[in-house]
Amino acid sequence: MSQSISVVICAYSLDRWDDLLAAVASVEAQSHRPLETIVVIDRNEALAERARSELHGDAVRVVANDAEQGLSHARNAGIAVARGDIVAFLDDDATAGPEWLQVLAAAYERDDAVVGVGGSIEPRWVAARPASFPPEFDWVVGCTYRGHPTTRTPVRNLIGANMSFRRELFEEAGGFRSEIGRVGTRPVGCEETEFCLRVARVRPGSVILYEPAARVLHSVPASRGTWGYFVRRCFGEGISKAVVASVAGRSGALRTERSYVARTITRGIAAALPAALRGDFAAGGRAARMLVGVTAAAVGYAYETAAARRR
C-alpha cells in the first residue's frame with residue numbers, strides 16, 4: 001500500500017523567500033505526489049501574510065508557529081496538523097530531487113521495522129566553495145559529510161534538511177525538544193539526534209535508515225563558508241551535544257562522534273598534511289579547519305557541561 005506523505009517546510013525569514021518558493025515547487029514536482037505540503041512560518045507575521053497570499057500550489061497549507069520561536073517548535077506545529085502516514089521534513093533553503101518522496105516511501109514499504117528514513121544532502125554553494133573547506137565538515141552547512149555512509153544503511157540519527165518519520169512515532173515519543181534546536185540564525189542544533197535516540201528507547205528494534213538515493217540540494221550562502229561561521233557552528237555543535245548527552249546519556253549521544261573523530265578526521269588530516277607541506281595552501285587550510293573544528297566543538301561541549309553543573 002502506497003504511503004501518504006505530509007511534507008513540512010519551516011521558514012522564518014523573508015530574506016529566503018525565493019529559496020522557499022523553490023523548496024515548495026520541488027515538492028509539487030515529485031513523482032510520488034505528497035498528500036500535503038505544510039509551510040510553517042516561525043514567528044514572522046510579514047512572511048506569514050506573504051505566504052498565505054502567494055503560495056497557492058496543490059495541497060499547500062500555511063500555518064503559524066504560535067509557540068516560542070525556534071525550529072523545534074515550528075516542526076512540532078507542522079506535525080500537529082499533518083495527516084499523512086509519513087511526515088517528511090525539508091529545509092526552506094533546500095530543493096528535493098524529483099524522486100525524493102518515492103524513494104522515501106519505498107524504504108518504509110520494504111520493511112515495517114523502518115520508522116525513519118533520511119537521504120543525502122548535497123551542498124549547492126551560492127558562491128564558489130572555499131578551497132579550504134573540508135568535506136569532512138560539510139555537516140557545518142547542514143549537508144552530508146565525508147565519513148557518512150555511502151550506501152543504504154541503518155544509522156543512529158538523520159540530518160534535519162532531509163528526514164522523515166512515521167507520524168505515529170510523534171504520538172509515542174513526543175515532538176522535538178525546544179531547548180536543543182536552532183532559533184533563527186543561532187548555529188546550534190542536534191534536536192534530530194535527541195529525537196532519534198528517544199525513538200530507539202521507545203521502539204526497541206526499530207530501524208532509522210539512511211537512503212542516499214533520496215537526494216536534496218541544500219543552498220549554502222557565502223557567509224557559511226567563512227572562518228567565523230565555521231568556528232561558531234562547531235562551538236554550537238559542542239554545546240548541543242552536551243545538552244543531548246545530559247538528556248540521553250553520553251554513550252548514545254557521543255558514540256558516533258567518537259568514531260567520526262578517530263577515523264574520518266584523523267584520515268582527513270593525515271591526507272591533507274603531506275600536500276600542505278609541499279606548498280598546497282588549500283590542503284593546509286583544510287587540515288587547519290579540521291583541527292580548529294574539533295577543538296571548537298570540544299570547547300563548546302566542555303563549556304556547556306560546566307555551565308550545566310553550575311546551574
# chains A, B, ... in the order shown; residues from 1 in each chain; ligands from 1
>>> closest_atom_pairs(of="region 128-201 of chain A", to="region 78-85 of chain A", cutoff="12 Å", atoms="only C-alpha atoms", output="JSON lines")
{"residue": "A:Ser164", "atom": "CA", "partner": "A:Asp85", "partner_atom": "CA", "distance": 10.5}
{"residue": "A:Phe165", "atom": "CA", "partner": "A:Asp85", "partner_atom": "CA", "distance": 8.7}
{"residue": "A:Arg166", "atom": "CA", "partner": "A:Asp85", "partner_atom": "CA", "distance": 6.0}
{"residue": "A:Arg167", "atom": "CA", "partner": "A:Asp85", "partner_atom": "CA", "distance": 5.6}
{"residue": "A:Glu168", "atom": "CA", "partner": "A:Asp85", "partner_atom": "CA", "distance": 7.7}
{"residue": "A:Leu169", "atom": "CA", "partner": "A:Asp85", "partner_atom": "CA", "distance": 10.3}
{"residue": "A:Phe170", "atom": "CA", "partner": "A:Ile79", "partner_atom": "CA", "distance": 7.9}
{"residue": "A:Glu171", "atom": "CA", "partner": "A:Ala80", "partner_atom": "CA", "distance": 9.8}
{"residue": "A:Gly174", "atom": "CA", "partner": "A:Ile79", "partner_atom": "CA", "distance": 10.2}
{"residue": "A:Gly175", "atom": "CA", "partner": "A:Ile79", "partner_atom": "CA", "distance": 8.1}
{"residue": "A:Phe176", "atom": "CA", "partner": "A:Ile79", "partner_atom": "CA", "distance": 10.0}
>>> write_last_selection(atoms="C-alpha atoms", output="compact mmCIF listing (two decimals), in the first residue's frame")
# COMPACT_ATOMS: atom_id res chain seq x y z
CA SER A 164 11.14 11.62 7.58
CA PHE A 165 9.35 9.57 10.24
CA ARG A 166 6.18 7.56 10.64
CA ARG A 167 3.65 10.01 12.05
CA GLU A 168 2.64 7.61 14.81
CA LEU A 169 6.13 7.97 16.32
CA PHE A 170 5.39 11.51 17.42
CA GLU A 171 2.38 10.28 19.37
CA GLY A 174 6.64 13.22 21.59
CA GLY A 175 7.98 16.01 19.42
CA PHE A 176 11.31 17.79 19.08
>>> residues_around(residues="region 194-200 of chain A", least_positions_apart="2", cutoff="10 Å", atoms="only C-alpha atoms", output="number ranges by chain")
A: 115-116, 155-158, 165, 169-170, 172-177, 180-181, 189-192, 202-208, 240-241, 243-245, 247-249, 252-253
>>> residues_around(residues="Asp42 (chain A)", least_positions_apart="6", cutoff="9 Å", atoms="only C-alpha atoms", output="NGL selection string")
:A and (10-13 or 48 or 64-71 or 73-74 or 184)
>>> select_by_dssp(residues="region 150-240 of chain A", states="alpha helix (DSSP H)", output="PyMOL selection string")
chain A and resi 168-173+191-202+227-240
>>> closest_residue(among="A:Ala282, A:Ile86, A:Ala287, A:Ala270", to="Ala107 (chain A)", atoms="only C-alpha atoms")
A:Ile86
>>> residues_around(residues="His56 (chain A)", least_positions_apart="2", cutoff="12 Å", atoms="only C-alpha atoms", output="count of residues only")
17
>>> atom_distance(atom1="CA of Arg311 (chain A)", atom2="CA of Gly238 (chain A)")
18.0 Å
>>> residues_around(residues="region 226-233 of chain A", least_positions_apart="4", cutoff="10 Å", atoms="only C-alpha atoms", output="PDB file with N, CA and C atoms, in the first residue's frame")
ATOM      1  N   PRO A 130      34.790  27.423  -0.738  1.00  0.00           N
ATOM      2  CA  PRO A 130      36.149  27.758  -0.316  1.00  0.00           C
ATOM      3  C   PRO A 130      37.065  26.537  -0.433  1.00  0.00           C
ATOM      4  N   SER A 132      39.533  25.786   1.172  1.00  0.00           N
ATOM      5  CA  SER A 132      39.978  25.291   2.476  1.00  0.00           C
ATOM      6  C   SER A 132      38.868  24.609   3.267  1.00  0.00           C
ATOM      7  N   PHE A 133      37.658  24.519   2.688  1.00  0.00           N
ATOM      8  CA  PHE A 133      36.533  23.933   3.436  1.00  0.00           C
ATOM      9  C   PHE A 133      36.564  22.417   3.265  1.00  0.00           C
ATOM     10  N   PHE A 137      33.657  18.207   7.036  1.00  0.00           N
ATOM     11  CA  PHE A 137      32.869  19.121   7.873  1.00  0.00           C
ATOM     12  C   PHE A 137      31.679  19.716   7.128  1.00  0.00           C
ATOM     13  N   TRP A 139      28.811  18.859   7.433  1.00  0.00           N
ATOM     14  CA  TRP A 139      27.698  18.966   8.384  1.00  0.00           C
ATOM     15  C   TRP A 139      27.573  20.378   8.932  1.00  0.00           C
ATOM     16  N   VAL A 140      28.644  21.147   8.904  1.00  0.00           N
ATOM     17  CA  VAL A 140      28.605  22.541   9.363  1.00  0.00           C
ATOM     18  C   VAL A 140      27.589  23.340   8.553  1.00  0.00           C
ATOM     19  N   VAL A 141      27.443  23.017   7.272  1.00  0.00           N
ATOM     20  CA  VAL A 141      26.490  23.715   6.413  1.00  0.00           C
ATOM     21  C   VAL A 141      25.245  22.867   6.173  1.00  0.00           C
ATOM     22  N   ARG A 186      20.953  31.274  15.112  1.00  0.00           N
ATOM     23  CA  ARG A 186      21.865  30.741  16.124  1.00  0.00           C
ATOM     24  C   ARG A 186      22.368  29.376  15.686  1.00  0.00           C
ATOM     25  N   PRO A 187      23.692  29.212  15.559  1.00  0.00           N
ATOM     26  CA  PRO A 187      24.234  27.988  14.956  1.00  0.00           C
ATOM     27  C   PRO A 187      24.329  26.813  15.912  1.00  0.00           C
ATOM     28  N   VAL A 188      23.189  26.340  16.394  1.00  0.00           N
ATOM     29  CA  VAL A 188      23.153  25.144  17.233  1.00  0.00           C
ATOM     30  C   VAL A 188      22.134  24.183  16.622  1.00  0.00           C
ATOM     31  N   GLY A 189      22.065  22.990  17.152  1.00  0.00           N
ATOM     32  CA  GLY A 189      21.139  22.020  16.582  1.00  0.00           C
ATOM     33  C   GLY A 189      21.067  20.768  17.428  1.00  0.00           C
ATOM     34  N   PRO A 221      24.959  29.779   1.439  1.00  0.00           N
ATOM     35  CA  PRO A 221      25.423  31.133   1.126  1.00  0.00           C
ATOM     36  C   PRO A 221      26.901  31.304   1.460  1.00  0.00           C
ATOM     37  N   ALA A 222      27.506  32.319   0.872  1.00  0.00           N
ATOM     38  CA  ALA A 222      28.936  32.550   1.079  1.00  0.00           C
ATOM     39  C   ALA A 222      29.270  32.765   2.547  1.00  0.00           C
ATOM     40  N   GLU A 237      27.844  23.210  17.999  1.00  0.00           N
ATOM     41  CA  GLU A 237      27.630  21.766  17.951  1.00  0.00           C
ATOM     42  C   GLU A 237      28.078  21.116  19.255  1.00  0.00           C
ATOM     43  N   GLY A 238      29.202  21.592  19.794  1.00  0.00           N
ATOM     44  CA  GLY A 238      29.652  21.065  21.081  1.00  0.00           C
ATOM     45  C   GLY A 238      28.651  21.342  22.189  1.00  0.00           C
ATOM     46  N   ILE A 239      28.115  22.560  22.204  1.00  0.00           N
ATOM     47  CA  ILE A 239      27.084  22.897  23.190  1.00  0.00           C
ATOM     48  C   ILE A 239      25.884  21.966  23.034  1.00  0.00           C
ATOM     49  N   ARG A 289      41.347  23.769   9.356  1.00  0.00           N
ATOM     50  CA  ARG A 289      39.921  23.838   9.710  1.00  0.00           C
ATOM     51  C   ARG A 289      39.501  22.608  10.500  1.00  0.00           C
ATOM     52  N   VAL A 292      40.829  23.012  14.025  1.00  0.00           N
ATOM     53  CA  VAL A 292      40.094  24.066  14.723  1.00  0.00           C
ATOM     54  C   VAL A 292      38.661  23.627  15.004  1.00  0.00           C
ATOM     55  N   GLY A 293      38.036  22.938  14.040  1.00  0.00           N
ATOM     56  CA  GLY A 293      36.652  22.498  14.228  1.00  0.00           C
ATOM     57  C   GLY A 293      36.494  21.528  15.377  1.00  0.00           C
ATOM     58  N   VAL A 294      37.383  20.538  15.446  1.00  0.00           N
ATOM     59  CA  VAL A 294      37.327  19.569  16.544  1.00  0.00           C
ATOM     60  C   VAL A 294      37.566  20.270  17.875  1.00  0.00           C
ATOM     61  N   THR A 295      38.523  21.200  17.896  1.00  0.00           N
ATOM     62  CA  THR A 295      38.822  21.924  19.130  1.00  0.00           C
ATOM     63  C   THR A 295      37.646  22.783  19.573  1.00  0.00           C
ATOM     64  N   ALA A 296      37.035  23.508  18.631  1.00  0.00           N
ATOM     65  CA  ALA A 296      35.901  24.370  18.964  1.00  0.00           C
ATOM     66  C   ALA A 296      34.731  23.552  19.503  1.00  0.00           C
ATOM     67  N   ALA A 297      34.470  22.381  18.890  1.00  0.00           N
ATOM     68  CA  ALA A 297      33.385  21.524  19.376  1.00  0.00           C
ATOM     69  C   ALA A 297      33.681  21.014  20.783  1.00  0.00           C
ATOM     70  N   GLY A 300      33.139  23.860  23.202  1.00  0.00           N
ATOM     71  CA  GLY A 300      31.705  24.082  23.398  1.00  0.00           C
ATOM     72  C   GLY A 300      31.090  23.038  24.307  1.00  0.00           C
TER      73      GLY A 300
END
>>> closest_residue(among="A:Ser6, A:Thr264, A:Ser26, A:Thr95", to="Ser219 (chain A)", atoms="only C-alpha atoms")
A:Thr95
>>> closest_residue(among="A:Ala302, A:Met163, A:Leu101, A:Val40", to="Phe89 (chain A)", atoms="only C-alpha atoms")
A:Met163
>>> residues_around(residues="Thr153 (chain A)", least_positions_apart="3", cutoff="9 Å", atoms="only C-alpha atoms", output="PyMOL selection string")
chain A and resi 149-150+208-211
>>> closest_residue(among="A:Ala128, A:Leu35, A:Ile121, A:Leu20", to="Val87 (chain A)", atoms="only C-alpha atoms")
A:Leu35
>>> select_by_dssp(residues="region 37-252 of chain A", states="strand (DSSP E or B)", output="PyMOL selection string")
chain A and resi 37-42+60-65+86-90+94-96+114-118+121-125+146+148+153-154+162-166+207-210+216-220
>>> closest_residue(among="A:Glu49, A:Ala23, A:Pro98, A:Pro212", to="Val117 (chain A)", atoms="only C-alpha atoms")
A:Pro212
>>> closest_residue(among="A:Arg286, A:Ile269, A:Arg124, A:Arg250", to="Thr305 (chain A)", atoms="only C-alpha atoms")
A:Arg250
